[in-house]
$ cat work_9.txt   # compact mmCIF, C-alpha atoms
# COMPACT_ATOMS: atom_id res chain seq x y z
CA MET A 1 -6.25 -26.61 -4.62
CA LYS A 2 -2.72 -25.92 -3.39
CA PRO A 3 -1.51 -28.49 -0.80
CA THR A 4 -1.67 -27.29 2.80
CA ASP A 5 1.24 -27.36 5.23
CA THR A 6 1.48 -28.59 8.81
CA LEU A 7 0.86 -25.07 10.15
CA GLU A 8 -2.43 -24.77 8.24
CA ARG A 9 -1.14 -21.52 6.70
CA ASP A 10 -3.80 -21.52 3.97
CA VAL A 11 -6.36 -20.51 6.62
CA VAL A 12 -4.45 -19.74 9.83
CA VAL A 13 -2.45 -16.54 9.45
CA SER A 14 -0.94 -16.50 12.95
CA SER A 15 -1.18 -17.70 16.54
CA ARG A 16 -0.84 -15.43 19.56
CA VAL A 17 -0.66 -16.08 23.30
CA ARG A 18 -0.70 -13.19 25.77
CA LEU A 19 -0.29 -13.17 29.55
CA ALA A 20 -1.46 -10.36 31.84
CA ARG A 21 0.70 -9.86 34.94
CA ASN A 22 0.97 -7.27 37.73
CA TYR A 23 3.62 -6.75 40.38
CA ARG A 24 2.29 -7.35 43.86
CA ASP A 25 3.82 -4.23 45.44
CA ILE A 26 2.97 -1.67 42.74
CA PRO A 27 -0.48 -0.03 42.38
CA PHE A 28 -2.56 -1.26 39.48
CA ALA A 29 -3.04 0.95 36.41
CA PRO A 30 -5.98 3.07 37.69
CA SER A 31 -3.95 4.17 40.74
CA MET A 32 -0.51 4.28 39.16
CA ASN A 33 1.46 7.53 38.98
CA ARG A 34 4.42 8.36 36.74
CA ASP A 35 7.01 7.25 39.31
CA TRP A 36 5.43 3.83 39.70
CA ALA A 37 5.18 3.52 35.91
CA GLN A 38 8.92 4.16 35.58
CA GLU A 39 9.60 1.57 38.28
CA THR A 40 7.59 -1.02 36.36
CA ILE A 41 9.62 -0.32 33.22
CA ARG A 42 12.89 -0.50 35.18
CA ARG A 43 12.01 -3.90 36.65
CA ALA A 44 11.10 -5.36 33.26
CA VAL A 45 14.28 -4.03 31.65
CA ASP A 46 16.49 -5.28 34.50
CA ALA A 47 14.88 -8.73 34.43
CA LEU A 48 15.69 -9.15 30.74
CA ALA A 49 19.13 -7.50 30.78
CA GLY A 50 21.09 -10.73 31.18
CA GLU A 51 19.10 -12.88 28.75
CA LYS A 52 20.60 -14.39 25.61
CA ASP A 53 17.89 -12.79 23.49
CA VAL A 54 18.27 -9.05 23.05
CA TYR A 55 15.11 -7.09 23.88
CA HIS A 56 14.83 -3.63 22.40
CA LEU A 57 13.22 -1.07 24.73
CA ILE A 58 10.81 1.31 23.02
CA ARG A 59 9.26 4.16 25.00
CA ILE A 60 5.93 4.86 23.35
CA GLY A 61 5.99 8.54 24.29
CA ASN A 62 9.14 9.04 22.20
CA LEU A 63 7.61 7.71 18.98
CA THR A 64 5.89 9.54 16.17
CA ASN A 65 2.28 8.70 15.36
CA ALA A 66 3.43 6.72 12.33
CA GLN A 67 5.88 4.67 14.40
CA ARG A 68 3.16 3.90 16.93
CA LYS A 69 0.77 2.82 14.20
CA GLN A 70 3.40 0.59 12.62
CA LEU A 71 3.91 -1.33 15.86
CA VAL A 72 0.15 -1.91 16.08
CA GLU A 73 -0.06 -2.91 12.41
CA HIS A 74 2.65 -5.51 12.98
CA HIS A 75 0.76 -6.75 16.07
CA LEU A 76 3.68 -6.02 18.41
CA ILE A 77 1.61 -3.73 20.62
CA SER A 78 -2.08 -2.98 21.10
CA TYR A 79 -4.05 0.17 20.46
CA ASP A 80 -4.74 0.23 24.22
CA LEU A 81 -1.03 0.73 24.94
CA LEU A 82 -1.20 4.01 23.00
CA LYS A 83 -3.76 5.33 25.49
CA PHE A 84 -0.97 5.38 28.09
CA ALA A 85 1.72 6.65 25.70
CA GLU A 86 3.44 8.96 28.19
CA THR A 87 4.07 6.19 30.73
CA SER A 88 4.12 3.02 28.62
CA ALA A 89 6.85 1.08 26.87
CA ALA A 90 7.45 -2.08 24.89
CA LEU A 91 10.26 -4.60 24.89
CA ILE A 92 10.58 -6.29 21.49
CA GLY A 93 12.70 -9.38 21.00
CA ARG A 94 13.24 -12.66 19.19
CA GLN A 95 12.74 -11.45 15.62
CA ASP A 96 9.46 -9.75 16.51
CA THR A 97 7.92 -13.04 17.65
CA ILE A 98 7.77 -12.02 21.30
CA SER A 99 7.14 -8.71 23.01
CA VAL A 100 6.29 -7.25 26.40
CA MET A 101 3.92 -4.32 26.69
CA VAL A 102 4.62 -2.40 29.90
CA ASN A 103 1.98 -0.26 31.61
CA GLU A 104 -0.94 -1.02 29.37
CA GLU A 105 -4.10 -2.06 31.28
CA ASP A 106 -1.81 -4.26 33.40
CA HIS A 107 1.82 -3.80 34.40
CA LEU A 108 2.96 -6.45 31.92
CA ARG A 109 1.37 -7.95 28.83
CA ILE A 110 3.68 -10.73 27.64
CA GLN A 111 2.95 -11.77 24.06
CA GLY A 112 4.16 -14.50 21.73
CA LEU A 113 3.23 -14.30 18.03
CA LEU A 114 4.03 -16.99 15.46
CA PRO A 115 2.86 -17.70 11.90
CA GLY A 116 0.28 -20.40 11.24
CA LEU A 117 -1.21 -22.69 13.87
CA GLN A 118 1.45 -22.72 16.61
CA SER A 119 -0.50 -21.84 19.76
CA GLU A 120 1.37 -24.28 21.98
CA LYS A 121 4.77 -23.07 20.80
CA ALA A 122 3.72 -19.45 21.29
CA ALA A 123 2.64 -20.40 24.81
CA GLU A 124 6.06 -21.94 25.51
CA LEU A 125 7.70 -18.65 24.53
CA VAL A 126 5.56 -16.53 26.84
CA PHE A 127 5.71 -18.94 29.78
CA GLU A 128 9.49 -18.95 29.58
CA LEU A 129 9.57 -15.16 29.54
CA ASP A 130 6.96 -15.01 32.29
CA ASP A 131 9.26 -17.01 34.58
CA ILE A 132 12.13 -14.64 33.88
CA LEU A 133 10.13 -11.47 34.47
CA GLY A 134 8.65 -12.79 37.71
CA ARG A 135 11.84 -14.40 39.06
CA ASP A 136 12.87 -11.53 41.32
CA ASN A 137 9.53 -9.73 41.54
CA ASN A 138 6.45 -11.38 42.97
CA TYR A 139 3.27 -11.10 40.94
CA ALA A 140 -0.13 -10.20 42.39
CA PHE A 141 -1.59 -13.65 42.99
CA ASP A 142 -4.45 -15.11 45.01
CA PRO A 143 -4.42 -18.84 45.94
CA GLN A 144 -8.10 -19.19 45.01
CA LEU A 145 -8.49 -16.73 42.13
CA GLY A 146 -5.09 -16.98 40.52
CA PHE A 147 -3.31 -14.00 38.92
CA LEU A 148 -4.94 -10.66 39.73
CA THR A 149 -5.51 -8.20 36.91
CA SER A 150 -6.98 -4.74 36.38
CA CYS A 151 -9.93 -6.16 34.46
CA PRO A 152 -11.89 -8.99 36.17
CA THR A 153 -12.23 -10.83 32.84
CA ASN A 154 -8.50 -11.60 32.89
CA VAL A 155 -8.32 -12.88 36.49
CA GLY A 156 -7.16 -16.48 36.84
CA THR A 157 -4.60 -17.62 34.31
CA GLY A 158 -4.38 -14.11 32.84
CA MET A 159 -3.98 -15.83 29.47
CA ARG A 160 -5.56 -14.89 26.17
CA ALA A 161 -4.79 -17.22 23.30
CA SER A 162 -5.95 -16.50 19.76
CA THR A 163 -5.59 -17.52 16.15
CA MET A 164 -5.94 -15.16 13.19
CA LEU A 165 -8.03 -16.82 10.50
CA HIS A 166 -8.58 -15.94 6.83
CA LEU A 167 -12.18 -16.89 5.99
CA PRO A 168 -13.13 -15.50 2.57
CA ALA A 169 -15.01 -18.54 1.26
CA LEU A 170 -17.26 -18.92 4.31
CA SER A 171 -18.12 -15.26 3.96
CA LYS A 172 -18.77 -15.64 0.22
CA ILE A 173 -21.24 -18.54 0.59
CA GLY A 174 -23.01 -16.95 3.56
CA LYS A 175 -22.01 -19.55 6.16
CA LEU A 176 -19.61 -17.47 8.25
CA SER A 177 -22.12 -16.19 10.81
CA ALA A 178 -23.45 -19.69 11.56
CA VAL A 179 -19.96 -21.14 11.99
CA LEU A 180 -18.83 -18.36 14.32
CA GLN A 181 -22.01 -18.63 16.40
CA ALA A 182 -21.40 -22.35 16.86
CA ILE A 183 -17.80 -21.67 17.92
CA SER A 184 -18.96 -19.15 20.55
CA LYS A 185 -20.71 -21.99 22.41
CA LEU A 186 -17.26 -23.43 23.17
CA GLY A 187 -16.38 -20.36 25.27
CA LEU A 188 -14.55 -18.63 22.44
CA THR A 189 -15.09 -15.19 20.98
CA VAL A 190 -14.44 -13.65 17.58
CA ARG A 191 -12.84 -10.23 17.10
CA GLY A 192 -11.49 -8.12 14.25
CA ILE A 193 -7.96 -7.88 12.92
CA TYR A 194 -6.61 -5.72 15.78
CA GLY A 195 -8.56 -7.31 18.63
CA GLU A 196 -11.52 -6.13 20.65
CA GLY A 197 -13.56 -3.39 19.00
CA SER A 198 -11.75 -3.58 15.64
CA GLU A 199 -13.17 -4.47 12.23
CA ALA A 200 -12.72 -7.76 10.41
CA GLN A 201 -10.77 -6.34 7.47
CA GLY A 202 -9.68 -8.55 4.59
CA ASN A 203 -11.85 -11.43 5.85
CA LEU A 204 -9.48 -11.78 8.84
CA TYR A 205 -10.92 -12.82 12.19
CA GLN A 206 -9.36 -13.43 15.60
CA LEU A 207 -10.64 -16.47 17.45
CA SER A 208 -9.78 -16.35 21.18
CA ASN A 209 -10.77 -17.67 24.59
CA GLN A 210 -13.30 -15.72 26.66
CA VAL A 211 -12.74 -17.36 30.05
CA THR A 212 -9.49 -17.10 32.01
CA LEU A 213 -10.81 -18.23 35.41
CA GLY A 214 -11.41 -21.84 36.42
CA ARG A 215 -9.65 -23.47 33.47
CA SER A 216 -6.04 -24.45 33.00
CA GLU A 217 -3.80 -22.95 30.34
CA ASP A 218 -3.40 -26.37 28.72
CA ASP A 219 -7.17 -26.86 28.53
CA MET A 220 -7.69 -23.44 26.94
CA LEU A 221 -5.00 -24.06 24.35
CA LYS A 222 -6.45 -27.46 23.42
CA THR A 223 -9.94 -25.96 23.07
CA LEU A 224 -8.64 -23.15 20.87
CA THR A 225 -6.65 -25.53 18.66
CA ALA A 226 -9.59 -27.91 18.26
CA ALA A 227 -11.98 -25.06 17.42
CA THR A 228 -9.48 -23.57 14.99
CA MET A 229 -9.16 -26.88 13.17
CA GLN A 230 -12.95 -27.08 12.91
CA VAL A 231 -13.11 -23.64 11.32
CA VAL A 232 -10.20 -24.56 9.02
CA ALA A 233 -12.17 -27.60 7.83
CA PHE A 234 -15.30 -25.50 7.23
CA GLU A 235 -13.34 -22.86 5.29
CA ARG A 236 -11.60 -25.45 3.13
CA ASN A 237 -14.93 -27.09 2.36
CA ALA A 238 -16.37 -23.71 1.42
CA ARG A 239 -13.45 -23.13 -0.95
CA GLU A 240 -14.16 -26.50 -2.60
CA VAL A 241 -17.81 -25.51 -2.99
CA LEU A 242 -16.84 -22.25 -4.69
CA SER A 243 -14.39 -24.03 -6.96
CA LYS A 244 -16.78 -26.80 -7.99
CA LYS A 245 -19.57 -24.32 -8.66
CA ASP A 246 -17.55 -22.56 -11.37
CA THR A 247 -13.77 -22.95 -11.29
CA VAL A 248 -13.18 -20.67 -14.26
CA LEU A 249 -15.34 -17.89 -12.80
CA LEU A 250 -13.58 -18.09 -9.42
CA GLU A 251 -10.12 -18.06 -11.00
CA ASP A 252 -11.11 -15.20 -13.29
CA ARG A 253 -12.37 -13.08 -10.37
CA LEU A 254 -9.28 -13.67 -8.27
CA MET A 255 -6.83 -13.12 -11.11
CA ARG A 256 -8.61 -9.93 -12.18
CA SER A 257 -8.24 -8.73 -8.61
CA TYR A 258 -4.55 -9.62 -8.72
CA GLY A 259 -4.13 -7.68 -11.94
CA GLN A 260 -5.84 -4.62 -10.46
CA ILE A 261 -3.74 -4.54 -7.29
CA ALA A 262 -0.54 -5.09 -9.28
CA ASN A 263 -1.26 -2.13 -11.56
CA ALA A 264 -3.23 0.35 -9.43
CA ARG A 265 -1.99 3.92 -9.11
CA ILE A 266 -4.32 4.85 -6.23
CA LEU A 267 -5.22 2.26 -3.61
CA SER A 268 -7.27 2.93 -0.49
CA SER A 269 -6.76 0.91 2.66
CA LYS A 270 -10.22 -0.64 2.38
CA GLU A 271 -9.72 -1.66 -1.24
CA PHE A 272 -6.26 -3.00 -0.51
CA MET A 273 -7.51 -5.28 2.28
CA GLY A 274 -10.13 -6.71 -0.07
CA ARG A 275 -7.49 -7.33 -2.74
CA TYR A 276 -5.15 -8.82 -0.13
CA SER A 277 -7.87 -11.33 0.75
CA ASP A 278 -8.28 -12.26 -2.94
CA LEU A 279 -4.50 -12.57 -3.32
CA ARG A 280 -4.25 -14.91 -0.35
CA LEU A 281 -7.16 -17.00 -1.56
CA ALA A 282 -5.64 -17.21 -5.05
CA ALA A 283 -2.40 -18.52 -3.53
CA SER A 284 -4.25 -21.13 -1.47
CA MET A 285 -6.14 -22.31 -4.58
CA GLY A 286 -2.88 -22.68 -6.52
CA TYR A 287 -3.72 -19.96 -9.04
CA ILE A 288 -0.55 -17.99 -8.24
CA ASP A 289 2.83 -19.10 -6.93
CA MET A 290 3.25 -16.78 -3.96
CA SER A 291 4.08 -17.62 -0.35
CA TYR A 292 1.78 -16.78 2.54
CA GLU A 293 4.75 -15.18 4.31
CA PHE A 294 5.17 -12.72 1.43
CA ILE A 295 1.45 -11.93 1.17
CA ASP A 296 0.99 -11.39 4.92
CA ALA A 297 4.11 -9.23 5.15
CA LEU A 298 2.80 -7.18 2.23
CA MET A 299 -0.47 -6.69 4.09
CA MET A 300 1.22 -5.31 7.21
CA ASP A 301 3.73 -3.14 5.35
CA ALA A 302 1.03 -1.54 3.19
CA GLN A 303 -0.84 -0.08 6.17
CA ASP A 304 -0.90 3.67 6.88
CA GLY A 305 1.66 3.71 9.68
CA SER A 306 4.24 1.69 7.80
CA LEU A 307 3.79 3.74 4.63
CA SER A 308 4.34 7.05 6.43
CA ILE A 309 7.13 5.88 8.76
CA ASP A 310 9.81 7.91 6.96
CA GLU A 311 7.76 11.11 6.81
CA ASN A 312 8.29 13.93 9.27
CA GLY A 313 4.73 15.13 8.83
CA GLU A 314 1.41 13.36 8.32
CA LEU A 315 0.51 12.27 4.80
CA THR A 316 -2.89 13.17 3.39
CA GLU A 317 -5.29 10.36 2.56
CA ARG A 318 -4.61 10.81 -1.16
CA GLU A 319 -0.84 10.74 -0.60
CA LEU A 320 -1.19 7.56 1.43
CA ASN A 321 -3.32 5.92 -1.26
CA ILE A 322 -0.81 6.80 -3.98
CA ARG A 323 2.11 5.60 -1.87
CA ARG A 324 0.26 2.36 -1.05
CA ALA A 325 -0.37 1.67 -4.74
CA ASN A 326 3.27 2.38 -5.62
CA PHE A 327 4.52 0.16 -2.80
CA VAL A 328 2.26 -2.78 -3.66
CA ARG A 329 2.98 -2.46 -7.37
CA SER A 330 6.73 -2.52 -6.77
CA LYS A 331 6.44 -5.63 -4.58
CA LEU A 332 4.19 -7.56 -6.96
CA ASN A 333 6.02 -6.62 -10.15

$ encode --input "work_9.txt" --output "C-alpha cells"
Amino acid sequence: MKPTDTLERDVVVSSRVRLARNYRDIPFAPSMNRDWAQETIRRAVDALAGEKDVYHLIRIGNLTNAQRKQLVEHHLISYDLLKFAETSAALIGRQDTISVMVNEEDHLRIQGLLPGLQSEKAAELVFELDDILGRDNNYAFDPQLGFLTSCPTNVGTGMRASTMLHLPALSKIGKLSAVLQAISKLGLTVRGIYGEGSEAQGNLYQLSNQVTLGRSEDDMLKTLTAATMQVVAFERNAREVLSKKDTVLLEDRLMRSYGQIANARILSSKEFMGRYSDLRLAASMGYIDMSYEFIDALMMDAQDGSLSIDENGELTERELNIRRANFVRSKLN
C-alpha cells in the first residue's frame, strides 16, 4: 500500500470548520427584509476591506445557475445559501480556503476548508476572521447560552467542524454501517458529500459534531480528530483485508475502472463518482502514481455546474455526460 502522509490524505479528503454568527442589532433571517440584508452585507464587506487578504464579494443573485452550482460543488457555499439568492452573498478569500456566507440561515457563516486532516488549522483561520468581522459589530450573545443563532441546534459555540472521509473499503466489506453507528455514540453525525440531506456519493462521508451547546470549541475539535483517526484506522484495515483476500483481483478491478474512465465517451455523474472512488483507492494502494490533490480537483471540476460554467444556456443531460467524459479523458490522458 502507498505510504500515508501526515494529513492522512489517503482517507481524509478535507477538513472544514464553520461558525454561525448574527449581529445583535439586526433581525434574524426569518424577520429580515431586503434593507437589513443589504446592511449585513455592507458590514461584512467593510470589516474585511482593510485586511491583507483580498476577499472577493459575490452576490448570489447575480450568478447564473451554473455559477451557483460550481460554488457549491467546490464547497465554498451551501445549497441553503441558494434559497436566499436575492439577498445573499459570499466573500471568498485565501485561495478558496476560507469564505463567508452572508444571509444564509444566519447573518454570517464563516468557513475554513483545508485538504486532509487539518481541523485545528481550519479553526484558527475562522477564529481569526471571526474576530475581524465582530470587531466593530457586536454579535448576538447570551452569557449563559453563548452565541445565538436562527436554529437552536447551533446555539452555544455556533461551531460545526467536519472531516470529509473516503471509505470505499469499509463499504465493500460491509462494515461501514457498524463503524458509523459506533461513531454516532460520541456525539458525532454522518452526512453526505454536500452536508445535511445530501447523498454519500463516491463513498464520501462528512463526519461532524452534533452538539454546539455546553462544550468548548477545543473539546469538539479534539473529539472530531480522535473519531476521524479511528475511522481512518478502520478504513486502512479494511483495505488490507481486501488486498490480502485477492491482491490481483482488487488491482484488476480498480485498473479496469481507471481504463474505463480514461476512455469513456459518455459519463454520467453517478458513474463518474463511482469511478472517482476507484481512482482514489487505486492511488492509495499504490497501483497508480497520481496525487490526491489532482484526483479531488478532478472530482469537483467534473460536476454539472463546473462543466456548464461557460454556457449561456443549460446543457441537456446527454450534453453534460459527453462533456464530462471529454473533460475527464483529457485530464487523465

$ atom_distance --input "work_9.txt" --atom1 "atom CA of Pro168 of chain A" --atom2 "atom CA of Asp278 of chain A"
8.0 Å

$ residues_around --input "work_9.txt" --residues "Val155 of chain A" --least-positions-apart "6" --cutoff "12 Å" --atoms "only C-alpha atoms" --output "list in words"
Leu19, Ala20, Arg21, Asn22, Asp106, Ala140, Phe141, Asp142, Pro143, Gln144, Leu145, Gly146, Phe147, Leu148, Thr149, Gln210, Val211, Thr212, Leu213, Gly214 and Arg215 of chain A

$ atom_distance --input "work_9.txt" --atom1 "atom CA of Thr228 of chain A" --atom2 "atom CA of Val190 of chain A"
11.4 Å

$ atom_distance --input "work_9.txt" --atom1 "atom CA of Ala161 of chain A" --atom2 "atom CA of Ala226 of chain A"
12.8 Å

$ closest_residue --input "work_9.txt" --among "A:Gly305, A:Gly61, A:Gly50, A:Gly112" --to "Thr87 of chain A" --atoms "only C-alpha atoms"
A:Gly61

$ closest_residue --input "work_9.txt" --among "A:Leu279, A:Ala90, A:Leu7, A:Ala29" --to "Ala44 of chain A" --atoms "all atoms listed in the file"
A:Ala90

$ closest_atom_pairs --input "work_9.txt" --of "segment 62-165 of chain A" --to "segment 281-293 of chain A" --cutoff "12 Å" --atoms "only C-alpha atoms" --output "Markdown table"
| residue | atom | partner | partner_atom | distance |
| --- | --- | --- | --- | --- |
| A:Leu114 | CA | A:Glu293 | CA | 11.3 |
| A:Pro115 | CA | A:Glu293 | CA | 8.2 |
| A:Gly116 | CA | A:Tyr292 | CA | 9.5 |

$ closest_residue --input "work_9.txt" --among "A:Met299, A:Leu207, A:Gln260, A:Ser88" --to "Arg42 of chain A" --atoms "all atoms listed in the file"
A:Ser88

$ residues_near_point --input "work_9.txt" --point "(-11.6, -12.8, 12.5)" --cutoff "7 Å" --atoms "only C-alpha atoms" --output "PyMOL selection string"
chain A and resi 164-165+190-193+200+203-207

$ write_last_selection --input "work_9.txt" --atoms "C-alpha atoms" --output "PDB file, in the coordinates of the input"
ATOM      1  CA  MET A 164      -5.940 -15.160  13.190  1.00  0.00           C
ATOM      2  CA  LEU A 165      -8.030 -16.820  10.500  1.00  0.00           C
ATOM      3  CA  VAL A 190     -14.440 -13.650  17.580  1.00  0.00           C
ATOM      4  CA  ARG A 191     -12.840 -10.230  17.100  1.00  0.00           C
ATOM      5  CA  GLY A 192     -11.490  -8.120  14.250  1.00  0.00           C
ATOM      6  CA  ILE A 193      -7.960  -7.880  12.920  1.00  0.00           C
ATOM      7  CA  ALA A 200     -12.720  -7.760  10.410  1.00  0.00           C
ATOM      8  CA  ASN A 203     -11.850 -11.430   5.850  1.00  0.00           C
ATOM      9  CA  LEU A 204      -9.480 -11.780   8.840  1.00  0.00           C
ATOM     10  CA  TYR A 205     -10.920 -12.820  12.190  1.00  0.00           C
ATOM     11  CA  GLN A 206      -9.360 -13.430  15.600  1.00  0.00           C
ATOM     12  CA  LEU A 207     -10.640 -16.470  17.450  1.00  0.00           C
TER      13      LEU A 207
END

$ closest_residue --input "work_9.txt" --among "A:Leu176, A:Leu48, A:Met101, A:Val126" --to "Leu71 of chain A" --atoms "only C-alpha atoms"
A:Met101

$ closest_residue --input "work_9.txt" --among "A:Met273, A:Leu117, A:Ala89, A:Leu249" --to "Ala37 of chain A" --atoms "only C-alpha atoms"
A:Ala89

$ closest_residue --input "work_9.txt" --among "A:Ser257, A:Ser15, A:Ser268, A:Asn62" --to "His75 of chain A" --atoms "only C-alpha atoms"
A:Ser15

$ residues_around --input "work_9.txt" --residues "Ala169 of chain A" --least-positions-apart "4" --cutoff "10 Å" --atoms "all atoms listed in the file" --output "list of chain:residue names"
A:Ile173, A:Gly174, A:Lys175, A:Leu176, A:Asn203, A:Phe234, A:Glu235, A:Arg236, A:Asn237, A:Ala238, A:Arg239, A:Glu240, A:Val241, A:Leu242, A:Ser243, A:Leu281

$ write_last_selection --input "work_9.txt" --atoms "C-alpha atoms" --output "compact mmCIF listing (two decimals), in the coordinates of the input"
# COMPACT_ATOMS: atom_id res chain seq x y z
CA ILE A 173 -21.24 -18.54 0.59
CA GLY A 174 -23.01 -16.95 3.56
CA LYS A 175 -22.01 -19.55 6.16
CA LEU A 176 -19.61 -17.47 8.25
CA ASN A 203 -11.85 -11.43 5.85
CA PHE A 234 -15.30 -25.50 7.23
CA GLU A 235 -13.34 -22.86 5.29
CA ARG A 236 -11.60 -25.45 3.13
CA ASN A 237 -14.93 -27.09 2.36
CA ALA A 238 -16.37 -23.71 1.42
CA ARG A 239 -13.45 -23.13 -0.95
CA GLU A 240 -14.16 -26.50 -2.60
CA VAL A 241 -17.81 -25.51 -2.99
CA LEU A 242 -16.84 -22.25 -4.69
CA SER A 243 -14.39 -24.03 -6.96
CA LEU A 281 -7.16 -17.00 -1.56

$ residues_around --input "work_9.txt" --residues "segment 313-320 of chain A" --least-positions-apart "3" --cutoff "12 Å" --atoms "only C-alpha atoms" --output "PyMOL selection string"
chain A and resi 64-67+265-269+272+302-310+323-327

$ residues_around --input "work_9.txt" --residues "segment 184-187 of chain A" --least-positions-apart "5" --cutoff "10 Å" --atoms "all atoms listed in the file" --output "VMD selection string"
chain A and resid 179 207 to 211 220 223 to 224 227

$ residues_near_point --input "work_9.txt" --point "(10.5, -12.9, 18.8)" --cutoff "10 Å" --atoms "only C-alpha atoms" --output "number ranges by chain"
A: 53-55, 76, 92-99, 111-114, 122, 125
